[in-house]
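Okay, input.pdb is below, PDB, C-alpha atoms and all ligand atoms:
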```pdb
MODEL        1
ATOM      1  CA  MET W   1     182.773 158.947  15.573
ATOM      2  CA  LYS W   2     184.390 155.513  15.830
ATOM      3  CA  LEU W   3     184.683 154.227  19.384
ATOM      4  CA  ILE W   4     188.470 154.228  19.336
ATOM      5  CA  TYR W   5     188.541 157.904  18.301
ATOM      6  CA  ALA W   6     185.926 158.751  20.928
ATOM      7  CA  GLN W   7     188.216 157.209  23.539
ATOM      8  CA  ILE W   8     191.094 159.443  22.413
ATOM      9  CA  TRP W   9     188.784 162.451  22.376
ATOM     10  CA  LYS W  10     187.726 161.786  25.955
ATOM     11  CA  GLU W  11     191.356 161.767  27.108
ATOM     12  CA  ALA W  12     192.290 164.778  24.960
ATOM     13  CA  ALA W  13     189.327 166.877  26.126
ATOM     14  CA  HIS W  14     190.711 166.867  29.654
ATOM     15  CA  PHE W  15     193.847 168.696  28.471
ATOM     16  CA  LEU W  16     192.125 170.833  25.847
ATOM     17  CA  LYS W  17     189.874 172.341  28.512
ATOM     18  CA  LYS W  18     192.964 173.402  30.438
ATOM     19  CA  GLY W  19     194.683 174.941  27.416
ATOM     20  CA  ARG W  20     194.049 178.253  25.672
ATOM     21  CA  LYS W  21     190.438 179.290  25.873
ATOM     22  CA  TRP W  22     189.595 178.156  22.339
ATOM     23  CA  ASP W  23     191.558 174.875  22.207
ATOM     24  CA  TYR W  24     188.594 172.637  23.025
ATOM     25  CA  LEU W  25     186.286 174.312  20.492
ATOM     26  CA  HIS W  26     189.035 174.534  17.873
ATOM     27  CA  THR W  27     189.706 170.812  18.063
ATOM     28  CA  LYS W  28     186.044 169.818  18.278
ATOM     29  CA  ILE W  29     185.302 171.748  15.097
ATOM     30  CA  ILE W  30     188.223 170.644  12.973
ATOM     31  CA  ILE W  31     187.629 166.983  13.883
ATOM     32  CA  ARG W  32     184.506 167.169  11.670
ATOM     33  CA  TYR W  33     186.638 168.007   8.675
ATOM     34  CA  ALA W  34     189.209 165.363   9.544
ATOM     35  CA  GLU W  35     186.397 162.799   9.567
ATOM     36  CA  LYS W  36     185.277 163.897   6.111
ATOM     37  CA  LEU W  37     188.836 163.855   4.837
ATOM     38  CA  SER W  38     189.380 160.377   6.269
ATOM     39  CA  LYS W  39     186.710 159.073   3.933
ATOM     40  CA  LEU W  40     188.735 160.041   0.870
ATOM     41  CA  ASN W  41     190.784 157.407  -0.875
ATOM     42  CA  ASN W  42     194.298 156.854   0.361
ATOM     43  CA  ILE W  43     193.801 158.608   3.675
ATOM     44  CA  ASP W  44     194.151 156.542   6.791
ATOM     45  CA  GLY W  45     191.861 157.792   9.514
ATOM     46  CA  MET W  46     193.846 155.786  12.057
ATOM     47  CA  ILE W  47     196.688 158.260  11.555
ATOM     48  CA  LEU W  48     194.836 161.462  10.729
ATOM     49  CA  MET W  49     192.069 161.331  13.345
ATOM     50  CA  PRO W  50     194.259 160.774  16.430
ATOM     51  CA  ALA W  51     196.754 163.370  15.179
ATOM     52  CA  VAL W  52     194.019 165.977  14.791
ATOM     53  CA  ILE W  53     192.379 165.120  18.118
ATOM     54  CA  LEU W  54     195.681 165.238  19.999
ATOM     55  CA  HIS W  55     197.611 167.978  18.197
ATOM     56  CA  ASP W  56     197.028 170.787  20.702
ATOM     57  CA  ILE W  57     196.772 168.918  24.017
ATOM     58  CA  GLY W  58     200.220 170.189  25.023
ATOM     59  CA  TRP W  59     198.788 173.641  25.765
ATOM     60  CA  GLY W  60     196.942 172.083  28.686
ATOM     61  CA  VAL W  61     200.110 171.530  30.681
ATOM     62  CA  LEU W  62     202.010 174.723  29.864
ATOM     63  CA  PRO W  63     202.394 177.606  32.332
ATOM     64  CA  LYS W  64     200.076 180.588  31.883
ATOM     65  CA  LYS W  65     202.931 182.777  30.663
ATOM     66  CA  LEU W  66     203.473 180.583  27.604
ATOM     67  CA  LYS W  67     199.752 180.228  26.934
ATOM     68  CA  ILE W  68     199.396 184.011  26.831
ATOM     69  CA  ASN W  69     202.364 184.350  24.520
ATOM     70  CA  TYR W  70     201.156 181.497  22.339
ATOM     71  CA  ARG W  71     202.414 182.944  19.078
ATOM     72  CA  GLY W  72     205.994 183.027  20.358
ATOM     73  CA  LYS W  73     208.467 180.442  19.159
ATOM     74  CA  GLN W  74     209.178 179.184  22.676
ATOM     75  CA  ALA W  75     205.491 178.502  23.354
ATOM     76  CA  ARG W  76     204.962 176.851  20.004
ATOM     77  CA  LEU W  77     207.870 174.498  20.494
ATOM     78  CA  ALA W  78     206.931 173.761  24.101
ATOM     79  CA  HIS W  79     203.321 172.824  23.306
ATOM     80  CA  MET W  80     204.424 170.505  20.500
ATOM     81  CA  ARG W  81     206.946 168.791  22.746
ATOM     82  CA  ALA W  82     204.547 168.431  25.682
ATOM     83  CA  GLY W  83     201.768 167.347  23.333
ATOM     84  CA  ALA W  84     203.845 164.612  21.718
ATOM     85  CA  LYS W  85     204.699 163.186  25.127
ATOM     86  CA  LEU W  86     201.080 163.227  26.290
ATOM     87  CA  ALA W  87     199.877 161.802  22.975
ATOM     88  CA  ARG W  88     202.091 158.751  23.411
ATOM     89  CA  GLN W  89     200.852 158.224  26.958
ATOM     90  CA  ILE W  90     197.212 158.465  25.881
ATOM     91  CA  LEU W  91     197.583 156.128  22.899
ATOM     92  CA  LEU W  92     199.351 153.523  25.030
ATOM     93  CA  LYS W  93     196.761 153.892  27.782
ATOM     94  CA  ILE W  94     193.851 153.131  25.450
ATOM     95  CA  ASN W  95     195.753 150.339  23.689
ATOM     96  CA  PHE W  96     195.743 152.038  20.316
ATOM     97  CA  PRO W  97     197.285 149.786  17.636
ATOM     98  CA  ARG W  98     201.025 150.064  18.128
ATOM     99  CA  GLN W  99     201.976 150.406  14.479
ATOM    100  CA  TYR W 100     200.440 153.888  14.252
ATOM    101  CA  ILE W 101     201.744 155.410  17.466
ATOM    102  CA  SER W 102     205.155 156.702  16.423
ATOM    103  CA  GLU W 103     203.769 158.483  13.359
ATOM    104  CA  ILE W 104     200.949 160.134  15.319
ATOM    105  CA  VAL W 105     203.398 161.249  18.030
ATOM    106  CA  HIS W 106     205.699 162.646  15.337
ATOM    107  CA  LEU W 107     202.833 164.628  13.783
ATOM    108  CA  VAL W 108     201.828 166.175  17.108
ATOM    109  CA  GLY W 109     205.480 167.053  17.674
ATOM    110  CA  VAL W 110     205.888 169.008  14.420
ATOM    111  CA  HIS W 111     202.423 170.340  13.545
ATOM    112  CA  ASP W 112     203.111 173.956  14.468
ATOM    113  CA  LEU W 113     206.588 174.568  13.126
ATOM    114  CA  PRO W 114     206.878 178.149  11.827
ATOM    115  CA  SER W 115     204.987 178.950   8.628
ATOM    116  CA  GLU W 116     208.060 179.069   6.411
ATOM    117  CA  SER W 117     208.046 175.309   6.896
ATOM    118  CA  ILE W 118     204.795 174.834   4.958
ATOM    119  CA  GLY W 119     205.848 172.953   1.886
ATOM    120  CA  GLY W 120     209.383 173.058   3.232
ATOM    121  CA  ILE W 121     210.147 170.890   6.221
ATOM    122  CA  LEU W 122     206.609 169.622   6.501
ATOM    123  CA  THR W 123     206.348 167.722   3.270
ATOM    124  CA  ALA W 124     205.129 164.287   4.266
ATOM    125  CA  LYS W 125     201.514 163.536   3.492
ATOM    126  CA  TYR W 126     200.054 163.550   7.010
ATOM    127  CA  GLU W 127     202.237 166.483   8.093
ATOM    128  CA  ARG W 128     200.668 168.530   5.324
ATOM    129  CA  LEU W 129     197.163 167.251   5.963
ATOM    130  CA  LEU W 130     197.292 167.984   9.682
ATOM    131  CA  ARG W 131     198.578 171.465   8.928
ATOM    132  CA  ASP W 132     195.787 172.063   6.418
ATOM    133  CA  ILE W 133     193.084 170.790   8.751
ATOM    134  CA  ASP W 134     194.479 172.963  11.553
ATOM    135  CA  LEU W 135     194.510 176.022   9.288
ATOM    136  CA  LEU W 136     190.948 175.355   8.209
ATOM    137  CA  TRP W 137     189.908 176.709  11.615
ATOM    138  CA  ARG W 138     190.508 180.233  10.304
ATOM    139  CA  PHE W 139     187.775 179.659   7.751
ATOM    140  CA  THR W 140     185.150 178.370  10.142
ATOM    141  CA  LYS W 141     182.651 180.738  11.656
ATOM    142  CA  GLU W 142     183.996 180.147  15.164
ATOM    143  CA  GLY W 143     187.660 180.505  14.246
ATOM    144  CA  PHE W 144     187.087 183.530  12.056
ATOM    145  CA  TRP W 145     185.227 185.493  14.728
ATOM    146  CA  LYS W 146     187.711 184.471  17.395
ATOM    147  CA  ASP W 147     190.429 186.114  15.297
ATOM    148  CA  ILE W 148     188.311 189.217  14.739
ATOM    149  CA  ARG W 149     187.772 189.672  18.484
ATOM    150  CA  GLU W 150     191.220 188.699  19.625
ATOM    151  CA  ARG W 151     193.175 190.700  17.090
ATOM    152  CA  LYS W 152     190.675 193.568  17.375
ATOM    153  CA  ILE W 153     190.111 193.591  13.627
ATOM    154  CA  GLU W 154     187.847 196.439  12.623
ATOM    155  CA  ASP W 155     186.633 195.309   9.236
ATOM    156  CA  PRO W 156     185.615 191.621   9.076
ATOM    157  CA  ASP W 157     184.933 191.807   5.321
ATOM    158  CA  VAL W 158     188.450 192.976   4.573
ATOM    159  CA  PHE W 159     189.894 190.279   6.848
ATOM    160  CA  LEU W 160     187.797 187.610   5.135
ATOM    161  CA  LYS W 161     189.068 188.698   1.727
ATOM    162  CA  HIS W 162     192.598 188.652   3.101
ATOM    163  CA  ILE W 163     192.433 185.080   4.433
ATOM    164  CA  ILE W 164     190.675 183.770   1.328
ATOM    165  CA  ALA W 165     193.400 185.325  -0.837
ATOM    166  CA  SER W 166     196.138 183.935   1.394
ATOM    167  CA  ALA W 167     194.633 180.438   1.226
ATOM    168  CA  LYS W 168     194.945 180.571  -2.532
ATOM    169  CA  LYS W 169     198.477 181.895  -2.465
ATOM    170  CA  GLU W 170     199.900 179.808   0.363
ATOM    171  CA  LYS W 171     201.213 176.387  -0.265
ATOM    172  CA  ALA W 172     198.618 175.291   2.250
ATOM    173  CA  PHE W 173     195.644 173.371   0.888
ATOM    174  CA  GLY W 174     197.682 172.474  -2.159
ATOM    175  CA  PHE W 175     198.397 168.861  -1.354
ATOM    176  CA  PRO W 176     197.726 166.678  -4.404
ATOM    177  CA  GLY W 177     194.585 164.655  -3.965
ATOM    178  CA  THR W 178     193.060 166.890  -1.294
ATOM    179  CA  LYS W 179     193.274 170.267  -3.018
ATOM    180  CA  ALA W 180     189.760 169.998  -4.457
ATOM    181  CA  PHE W 181     188.381 168.885  -1.083
ATOM    182  CA  PHE W 182     189.743 171.981   0.665
ATOM    183  CA  ARG W 183     188.810 174.417  -2.128
ATOM    184  CA  LYS W 184     185.209 173.233  -2.036
ATOM    185  CA  LEU W 185     185.085 173.337   1.742
ATOM    186  CA  ILE W 186     186.479 176.863   1.975
ATOM    187  CA  LYS W 187     184.011 178.087  -0.616
ATOM    188  CA  GLY W 188     181.132 176.738   1.459
ATOM    189  CA  LEU W 189     182.534 178.115   4.702
ATOM    190  CA  GLU W 190     182.986 181.557   3.153
ATOM    191  CA  LYS W 191     179.201 181.847   2.894
ATOM    192  CA  GLU W 192     178.585 180.718   6.483
ATOM    193  CA  ILE W 193     181.256 182.860   8.066
ATOM    194  CA  LYS W 194     179.646 186.260   7.701
ATOM    195  CA  GLU W 195     177.123 185.900  10.483
ATOM    196  CA  GLU W 196     178.809 186.471  13.839
ATOM    197  CA  PRO W 197     178.130 183.644  16.310
ATOM    198  CA  THR W 198     176.837 184.509  19.749
ATOM    199  CA  VAL W 199     179.250 183.727  22.556
ATOM    200  CA  GLY W 200     178.282 182.477  25.946
TER     201      GLY W 200
HETATM  202 FE    FE W 301     199.171 173.540  18.013
ENDMDL
END
```

Go ahead and express the file in the form of structure tokens.
Amino acid sequence: MKLIYAQIWKEAAHFLKKGRKWDYLHTKIIIRYAEKLSKLNNIDGMILMPAVILHDIGWGVLPKKLKINYRGKQARLAHMRAGAKLARQILLKINFPRQYISEIVHLVGVHDLPSESIGGILTAKYERLLRDIDLLWRFTKEGFWKDIRERKIEDPDVFLKHIIASAKKEKAFGFPGTKAFFRKLIKGLEKEIKEEPTVG
């Protein structure tokens, strides 16, 4: 990871560890895919990487009540708002190039708008890419099994088929230029997913 991203990660990790119990792992894992995506043509890592690293830091400063009810609209809005504020502070603190800051802060502030917004409100390139990278978590071994445990899903195979089908149907992962990247990635992850990871 580039030094400047590692600096952001160090600051973000502090908040991610205080967020929901999977926030740190979630972010650590999806950063890998953001790094790969950043190598594609026409994608600026200086926007995408900080946005991915910082997108969920807001959870770290929310009261327990909102963290528990994290699917609720109030919690979703609150973590985006708090996250955007913290993101700006962090980027200024580490002297991140000024020209990128407002866009990164914007992305953190809108990344979790309700799902009807996919392809609707969130249409700009990096809005879509951040959303896609975030959603990719569901298709990683760690994210998949977290959902199985947390939602008390009885049949992992059925759930896997369900999310794979929804990825094809949803407007997610359909951004021109990155569609093939995500399709290939999900196909690979589908094979890995089946073996349940051991939790400490
Ligand atoms: Fe989020």

> Taking only C-alpha atoms into account, which of W:Ile43, W:Met49, W:Leu91, W:Leu160 comes nearest Met1 of chain W?
Replying inline: W:Met49

> On this structure, which residues satisfy the PyMOL selection byres (((not hetatm)) within 7 of (chain W and resi 301)), written as a PyMOL selection string?
Replying inline: chain W and resi 55-56+76+79-80+111-112

>> Evaluate the PyMOL selection byres (((chain W and resi 90) around 12) and not hetatm) against this structure - the residues, as a ChimeraX atom specification, please.
In response: /W:4-5,7-15,50-51,53-54,57,83-89,91-97,101,104-105

> What gap, in Å, lies between atom CA of Val52 of chain W and atom CA of Arg131 of chain W?
Replying inline: 9.2 Å

> Which residue, W:Lys125, W:Arg98, W:Arg32, W:Arg20, has the smallest gap to Arg71 of chain W when you use only C-alpha atoms?
Replying inline: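 Of all the options, W:Arg20 lies closest to Arg71 of chain W.
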
> Can you tell me how far atom CA of Leu40 of chain W sits from atom CA of Phe144 of chain W, in Å to one decimal?
Replying inline: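 Separation between atom CA of Leu40 of chain W and atom CA of Phe144 of chain W: 26.1 Å.
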
> Pick the closest to Gly143 of chain W from W:Leu16, W:Ala172, W:Leu66, W:Ile193: which is it, counting all atoms listed in the file?
Replying inline: W:Ile193

Mind giving me the axis-aligned box for segment 137-143 of chain W with 4 Å on every side, centre plus edges in Å to one decimal, as lines of an AutoDock Vina configuration file?
```
center_x = 186.6
center_y = 178.7
center_z = 11.5
size_x = 15.9
size_y = 12.0
size_z = 15.4
```

>> For this structure, which residues satisfy the selection - the PyMOL selection byres (((chain W and resi 189) around 12) and not hetatm) - when it is evaluated on the file as given? I want them as a list in words.
In response: Tyr33, Leu136, Trp137, Arg138, Phe139, Thr140, Lys141, Glu142, Gly143, Phe144, Leu160, Ile164, Phe182, Arg183, Lys184, Leu185, Ile186, Lys187, Gly188, Glu190, Lys191, Glu192, Ile193, Lys194 and Glu195 of chain W

> Between W:Ala82, W:Ala124, W:Leu130, W:Leu77, which is the closest to Val61 of chain W once you count only C-alpha atoms?
Replying inline: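 Counting only C-alpha atoms, the residue closest to Val61 of chain W is W:Ala82.
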
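The gap separating atom CA of Glu35 of chain W from atom CA of Tyr70 of chain W is 27.0 Å, in Å to one decimal.
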